[in-house]
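The next block holds one structure in the form of structure tokens; read it before the comments.
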Amino acid sequence: MVKRIGILTSGGDCAGLNAVIRAVTLRAINQYGWQVYGLRDGTLGLMKDPIDVVELKTSNFDGNLLRMGGTFLGSNNKGKPFGKITRSGKEIEISDLIIDSFKKLELDALIGIGGDGSLKLLQSLTKKGNINFIGIPKTIDNDVKHNELSIGYDTAVDVATNALDMLQPTAASHRRAMILEVMGRDAGHIALNAGIAGGADVILIPEIPYSIKGIAKHIEKIRGEGRNHALIVVAEAVKKEDGKKATVKFVDGEVRLGGIGSYLGDKIYKLTDAETRVTVLGHVQRGAQPTHRDRLIASAFGVKAVDLIANGKFNRVVVWQDRSVKDVSLNDIAGKSQTLSKNDPLIEVATALGIYIGDIN
Ligand code: F6P
């Protein structure tokens, strides 16, 4: 019997999503002879009439999709699959509409590519609809539990490292302290990894408290050693000294993380007289061309996800552990994020390199 599977990308996009959709399609068609359907814009495509879905063929991937950032299926980090909407004057439950569309497509299983939040929503949805589900972790934040590498993370670290490479010469030319604010939500993975790779002097992550005085002391030390500039990386969720997160209220009324870089710039200038400039890296961390590692992880995850379906294993999430792809229960992952452990070996490396990473002891 020919199997029909659906695939969707959910939550914030990142590099490597097209590569994983490709891997799923190639494996499902070439190995098992299944039909693969791409669901558009996360679950939003299933709310449309007609349902917004496209059958994927291996020929879709003849071109350069493997190499491209973003997701050609579209994604969505706002749509909530639960709640009510009005259709033709009638109030209906959104999840019922989505599940109904899924059933109409006669799909045997769903592969959902998302972060911890999306996986949680998809878990509730597929449980309600009795849908066979496999999750694939993606997020530049790299905060999915039990998983060493999420799709998109490596590229984001690369982009942030390149930014430091470009900030260093201009910092030196103008004798400045350059502050780079990076994404990552409540996890400091991007900041820590890019900070070490990009030669930062100061790395601030949400997991470790810091003091402006500590940063100032470190800048004085650098000066004392005869260097005229400094590089500072800060993760977006690092708190101000009063313990509050720096946030920006957008015109749509939503409050998002942002502004910790400028806050630090002012404080550091006042205390050290070092001229500071702030770069907020933002969404370039998400839209870049995937690195080789992201393409590899994506390819390995896609193949494994299809094989799990072929073996009748459901409610699992594929993960990267000890240099190979494994699968763990969706229950152990959905909605559970993983920030940096204080014992992370790279924190020790940063300290050993003389980087100020906060008041650790
Ligand atoms: O979770 C991924 C992420 O890129 C975070 O690092 C960042 O805080 C957030 O999404 C940005 O979301 P948006 O695309 O809604 O601005």
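Note on naming: chains are A, B, ... as they come in the structure tokens, residues start from 1 per chain, ligands start from 1 in the order shown.
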Each chain A residue no farther than 8 Å from ligand 1, nearest pair in Å, only C-alpha atoms and all ligand atoms, as CSV:
residue,atom,partner,partner_atom_place_in_ligand_line,distance
A:Gly11,CA,ligand 1,1 (O),7.5
A:Gly12,CA,ligand 1,2 (C),5.3
A:Asp13,CA,ligand 1,2 (C),7.6
A:Cys14,CA,ligand 1,4 (O),7.8
A:Asn77,CA,ligand 1,15 (O),6.6
A:Lys78,CA,ligand 1,15 (O),7.9
A:Gly115,CA,ligand 1,1 (O),7.5
A:Thr139,CA,ligand 1,2 (C),5.9
A:Ile140,CA,ligand 1,2 (C),5.8
A:Asp141,CA,ligand 1,6 (O),5.4
A:Val182,CA,ligand 1,6 (O),7.9
A:Met183,CA,ligand 1,6 (O),4.2
A:Gly184,CA,ligand 1,6 (O),3.8
A:Arg185,CA,ligand 1,8 (O),4.7
A:Glu236,CA,ligand 1,8 (O),7.2
A:Arg256,CA,ligand 1,8 (O),7.1
A:Leu257,CA,ligand 1,8 (O),6.2
A:Gly282,CA,ligand 1,4 (O),7.7
A:His283,CA,ligand 1,4 (O),6.7
A:Gln285,CA,ligand 1,4 (O),7.7
A:Arg286,CA,ligand 1,4 (O),6.6
Once you have the residues from the selection above, write them out as a short mmCIF file (atom, residue, chain, number, x, y, z; two decimals), in the first residue's frame, restricted to C-alpha atoms.
data_model
loop_
_atom_site.label_atom_id
_atom_site.label_comp_id
_atom_site.auth_asym_id
_atom_site.auth_seq_id
_atom_site.Cartn_x
_atom_site.Cartn_y
_atom_site.Cartn_z
CA GLY A 11 8.02 28.35 14.12
CA GLY A 12 10.83 30.73 13.22
CA ASP A 13 12.69 29.71 10.07
CA CYS A 14 16.40 28.94 9.92
CA ASN A 77 5.47 31.37 14.47
CA LYS A 78 2.23 33.12 15.35
CA GLY A 115 11.60 23.99 18.00
CA THR A 139 16.14 26.27 15.87
CA ILE A 140 19.05 28.67 15.79
CA ASP A 141 18.72 28.81 19.60
CA VAL A 182 22.93 38.00 19.08
CA MET A 183 19.74 35.95 19.17
CA GLY A 184 19.16 32.71 21.07
CA ARG A 185 16.22 33.43 23.37
CA GLU A 236 19.53 38.94 23.61
CA ARG A 256 10.15 41.06 21.94
CA LEU A 257 13.68 40.70 23.30
CA GLY A 282 18.98 40.01 14.15
CA HIS A 283 17.47 37.85 11.44
CA GLN A 285 21.34 34.68 11.74
CA ARG A 286 18.30 32.88 10.36
#
Contacts of Asn18 (chain A) at 8 Å or less, counting only C-alpha atoms, minus same-chain residues fewer than 3 places along, as a ChimeraX atom specification? /A:15,21-22,65-72
May I have the residues within 9 Å of Glu207 (chain A) as a count of residues only, using only C-alpha atoms and disregarding those fewer than 3 positions away in the same chain? 9
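One finds CA of Asn130 (chain A) at 14.5 Å from CA of Ile5 (chain A).
When only C-alpha atoms are used to compute distances to His189 (chain A), the closest of the residues A:Ser124, A:Gln338, A:Asn132, A:Ser324 turns out to be A:Gln338.
Shortest atom-to-atom contact with Gly152 (chain A) among A:Ala288, A:Ala230, A:Val306, A:Ala197: A:Ala288, counting only C-alpha atoms.
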Write out as JSON, numbers by chain which residues come within 10 Å of Tyr263 (chain A) when counting only C-alpha atoms, dropping same-chain ones fewer than 6 positions away. {"A": [239, 240, 241, 246, 278]}
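Across the model, the gap from CA of Leu330 (chain A) to CA of Val317 (chain A) is 5.5 Å.
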All alpha helix (DSSP H) residues (DSSP, backbone) inside region 92-294 of chain A, as a PyMOL selection string: chain A and resi 94-104+116-129+153-174+189-197+212-224+260-272+284-287+292-294
If we count only C-alpha atoms, what is near region 51-60 of chain A at a cut-off of 12 Å, once residues fewer than 3 positions away on the same chain are taken out, given as a count of residues only? 51
Considering only C-alpha atoms, return as an MDAnalysis selection string whatever protein or nucleic-acid residues lie within 9 Å of Ile215 (chain A), sequence-local ones (same chain, fewer than 2 positions apart) excluded. chainID A and resid 202 210:213 217:220 268 356:358
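Across the structure, CA of Phe314 (chain A) and CA of Arg293 (chain A) are spaced 26.4 Å apart.
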Extract the full set of strand (DSSP E or B) residues from region 10-176 of chain A according to DSSP on the backbone, and format it as a ChimeraX atom specification. /A:35-39,53-56,84-87,90-93,109-114,133-138,144,151,176
Keeping C-alpha atoms, export the residues of the selection given above as a PDB file, in the first residue's frame.
ATOM      1  CA  GLN A  35       3.874  10.107  -1.797  1.00  0.00           C
ATOM      2  CA  VAL A  36       5.032  13.227   0.044  1.00  0.00           C
ATOM      3  CA  TYR A  37       2.901  16.332   0.607  1.00  0.00           C
ATOM      4  CA  GLY A  38       4.311  19.663   1.707  1.00  0.00           C
ATOM      5  CA  LEU A  39       1.888  21.565   3.930  1.00  0.00           C
ATOM      6  CA  VAL A  53      -0.631  21.743   0.001  1.00  0.00           C
ATOM      7  CA  VAL A  54       1.839  20.707  -2.680  1.00  0.00           C
ATOM      8  CA  GLU A  55       2.903  17.224  -3.711  1.00  0.00           C
ATOM      9  CA  LEU A  56       6.682  17.004  -3.522  1.00  0.00           C
ATOM     10  CA  LYS A  84     -11.904  29.587  17.928  1.00  0.00           C
ATOM     11  CA  ILE A  85     -12.374  31.195  14.532  1.00  0.00           C
ATOM     12  CA  THR A  86     -15.476  32.191  12.658  1.00  0.00           C
ATOM     13  CA  ARG A  87     -16.095  30.585   9.250  1.00  0.00           C
ATOM     14  CA  LYS A  90     -20.108  29.774  12.433  1.00  0.00           C
ATOM     15  CA  GLU A  91     -17.645  29.580  15.318  1.00  0.00           C
ATOM     16  CA  ILE A  92     -15.361  26.583  14.977  1.00  0.00           C
ATOM     17  CA  GLU A  93     -12.402  25.149  16.842  1.00  0.00           C
ATOM     18  CA  ALA A 109       1.787  10.338   9.067  1.00  0.00           C
ATOM     19  CA  LEU A 110       3.053  13.837   9.668  1.00  0.00           C
ATOM     20  CA  ILE A 111       6.639  15.039   9.969  1.00  0.00           C
ATOM     21  CA  GLY A 112       6.811  18.348  11.835  1.00  0.00           C
ATOM     22  CA  ILE A 113      10.004  20.379  11.828  1.00  0.00           C
ATOM     23  CA  GLY A 114      10.084  22.795  14.745  1.00  0.00           C
ATOM     24  CA  PHE A 133       3.738  12.063  14.264  1.00  0.00           C
ATOM     25  CA  ILE A 134       7.520  12.391  13.990  1.00  0.00           C
ATOM     26  CA  GLY A 135       9.334  15.570  15.063  1.00  0.00           C
ATOM     27  CA  ILE A 136      12.559  17.032  13.715  1.00  0.00           C
ATOM     28  CA  PRO A 137      14.308  19.713  15.814  1.00  0.00           C
ATOM     29  CA  LYS A 138      15.299  22.996  14.218  1.00  0.00           C
ATOM     30  CA  VAL A 144      15.860  21.506  22.196  1.00  0.00           C
ATOM     31  CA  ILE A 151      19.083  22.391  12.323  1.00  0.00           C
ATOM     32  CA  ARG A 176      36.362  51.165  20.184  1.00  0.00           C
TER      33      ARG A 176
END
Please provide as an MDAnalysis selection string all residues within 9 Å of Gly195 (chain A), with the sequence filter that same-chain residues fewer than 3 positions apart are discarded (counting only C-alpha atoms). chainID A and resid 157 160:161 164 190:192 198:203 231:234 350
With all heavy atoms kept, could you save the residues just selected as a CSV table (one decimal), in the first residue's frame?
chain,number,residue,atom,x,y,z
A,157,VAL,N,25.6,30.4,14.2
A,157,VAL,CA,26.9,30.6,14.9
A,157,VAL,C,28.0,31.2,13.9
A,157,VAL,O,28.7,32.1,14.2
A,157,VAL,CB,27.4,29.3,15.6
A,157,VAL,CG1,28.9,29.5,16.1
A,157,VAL,CG2,26.5,28.9,16.7
A,160,ALA,N,27.3,34.8,13.2
A,160,ALA,CA,27.7,35.7,14.3
A,160,ALA,C,29.3,35.7,14.4
A,160,ALA,O,29.8,36.8,14.7
A,160,ALA,CB,27.2,35.1,15.6
A,161,THR,N,29.9,34.6,14.0
A,161,THR,CA,31.4,34.6,14.0
A,161,THR,C,31.9,35.5,12.9
A,161,THR,O,32.8,36.3,13.1
A,161,THR,CB,31.9,33.2,13.8
A,161,THR,OG1,31.3,32.3,14.8
A,161,THR,CG2,33.4,33.1,13.9
A,164,LEU,N,31.8,39.1,14.0
A,164,LEU,CA,32.9,39.5,14.8
A,164,LEU,C,34.2,39.7,14.0
A,164,LEU,O,34.9,40.6,14.3
A,164,LEU,CB,33.1,38.4,15.9
A,164,LEU,CG,32.1,38.4,17.0
A,164,LEU,CD1,32.2,37.1,17.9
A,164,LEU,CD2,32.2,39.6,17.9
A,190,ILE,N,24.5,30.5,21.0
A,190,ILE,CA,25.1,31.2,19.9
A,190,ILE,C,26.2,32.2,20.4
A,190,ILE,O,27.3,32.2,19.9
A,190,ILE,CB,24.0,32.0,19.1
A,190,ILE,CG1,22.9,31.1,18.5
A,190,ILE,CG2,24.7,32.9,18.0
A,190,ILE,CD1,21.8,31.9,17.9
A,191,ALA,N,25.9,32.9,21.5
A,191,ALA,CA,26.8,33.9,22.0
A,191,ALA,C,28.1,33.2,22.4
A,191,ALA,O,29.2,33.7,22.1
A,191,ALA,CB,26.2,34.6,23.2
A,192,LEU,N,28.0,32.1,23.2
A,192,LEU,CA,29.2,31.5,23.7
A,192,LEU,C,30.1,30.9,22.5
A,192,LEU,O,31.3,31.1,22.5
A,192,LEU,CB,28.8,30.3,24.6
A,192,LEU,CG,30.0,29.5,25.2
A,192,LEU,CD1,30.9,30.4,26.1
A,192,LEU,CD2,29.5,28.4,26.1
A,198,GLY,N,35.1,33.8,17.4
A,198,GLY,CA,35.3,35.1,16.9
A,198,GLY,C,36.2,36.0,17.7
A,198,GLY,O,36.4,37.2,17.4
A,199,GLY,N,36.9,35.4,18.7
A,199,GLY,CA,37.9,36.1,19.5
A,199,GLY,C,37.3,37.2,20.4
A,199,GLY,O,38.0,38.3,20.5
A,200,ALA,N,36.1,37.0,20.9
A,200,ALA,CA,35.6,38.1,21.8
A,200,ALA,C,36.3,38.2,23.1
A,200,ALA,O,36.9,37.2,23.6
A,200,ALA,CB,34.1,37.7,22.1
A,201,ASP,N,36.3,39.4,23.7
A,201,ASP,CA,36.9,39.6,25.0
A,201,ASP,C,35.9,39.4,26.1
A,201,ASP,O,36.3,39.1,27.3
A,201,ASP,CB,37.5,41.0,25.1
A,201,ASP,CG,38.5,41.3,23.9
A,201,ASP,OD1,39.5,40.7,24.0
A,201,ASP,OD2,38.1,42.0,23.0
A,202,VAL,N,34.7,39.7,25.8
A,202,VAL,CA,33.6,39.5,26.8
A,202,VAL,C,32.5,38.8,26.2
A,202,VAL,O,32.1,39.1,25.0
A,202,VAL,CB,33.1,40.9,27.3
A,202,VAL,CG1,31.9,40.8,28.2
A,202,VAL,CG2,34.2,41.7,27.9
A,203,ILE,N,31.9,37.8,26.8
A,203,ILE,CA,30.8,37.0,26.3
A,203,ILE,C,29.7,37.0,27.5
A,203,ILE,O,30.0,36.5,28.6
A,203,ILE,CB,31.1,35.6,26.0
A,203,ILE,CG1,32.2,35.5,24.9
A,203,ILE,CG2,29.9,34.8,25.5
A,203,ILE,CD1,32.7,34.1,24.6
A,231,LEU,N,36.1,43.4,21.8
A,231,LEU,CA,34.8,42.8,21.2
A,231,LEU,C,34.0,42.2,22.3
A,231,LEU,O,34.5,41.4,23.1
A,231,LEU,CB,35.2,41.7,20.2
A,231,LEU,CG,36.0,42.1,18.9
A,231,LEU,CD1,36.3,40.9,18.1
A,231,LEU,CD2,35.1,43.1,18.1
A,232,ILE,N,32.7,42.6,22.3
A,232,ILE,CA,31.8,42.1,23.4
A,232,ILE,C,30.6,41.4,22.7
A,232,ILE,O,30.0,42.0,21.8
A,232,ILE,CB,31.3,43.3,24.2
A,232,ILE,CG1,32.5,43.9,24.9
A,232,ILE,CG2,30.3,42.8,25.3
A,232,ILE,CD1,32.2,45.2,25.6
A,233,VAL,N,30.3,40.2,23.0
A,233,VAL,CA,29.1,39.5,22.5
A,233,VAL,C,28.1,39.4,23.6
A,233,VAL,O,28.4,38.9,24.7
A,233,VAL,CB,29.4,38.1,22.0
A,233,VAL,CG1,28.2,37.5,21.3
A,233,VAL,CG2,30.6,38.1,21.0
A,234,VAL,N,26.9,39.7,23.3
A,234,VAL,CA,25.8,39.6,24.4
A,234,VAL,C,24.6,38.9,23.8
A,234,VAL,O,24.2,39.2,22.7
A,234,VAL,CB,25.5,40.9,25.0
A,234,VAL,CG1,25.0,41.9,24.0
A,234,VAL,CG2,24.4,40.8,26.1
A,350,ALA,N,36.3,29.2,27.5
A,350,ALA,CA,36.3,30.7,27.5
A,350,ALA,C,37.0,31.3,28.6
A,350,ALA,O,37.9,32.2,28.5
A,350,ALA,CB,34.8,31.2,27.5
Just checking: using only C-alpha atoms, which residue out of A:Ile355, A:Ser75, A:Val349, A:Ala334 ends up closest to Gln123 (chain A)?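 The shortest atom-to-atom distance to Gln123 (chain A) comes from A:Ala334.
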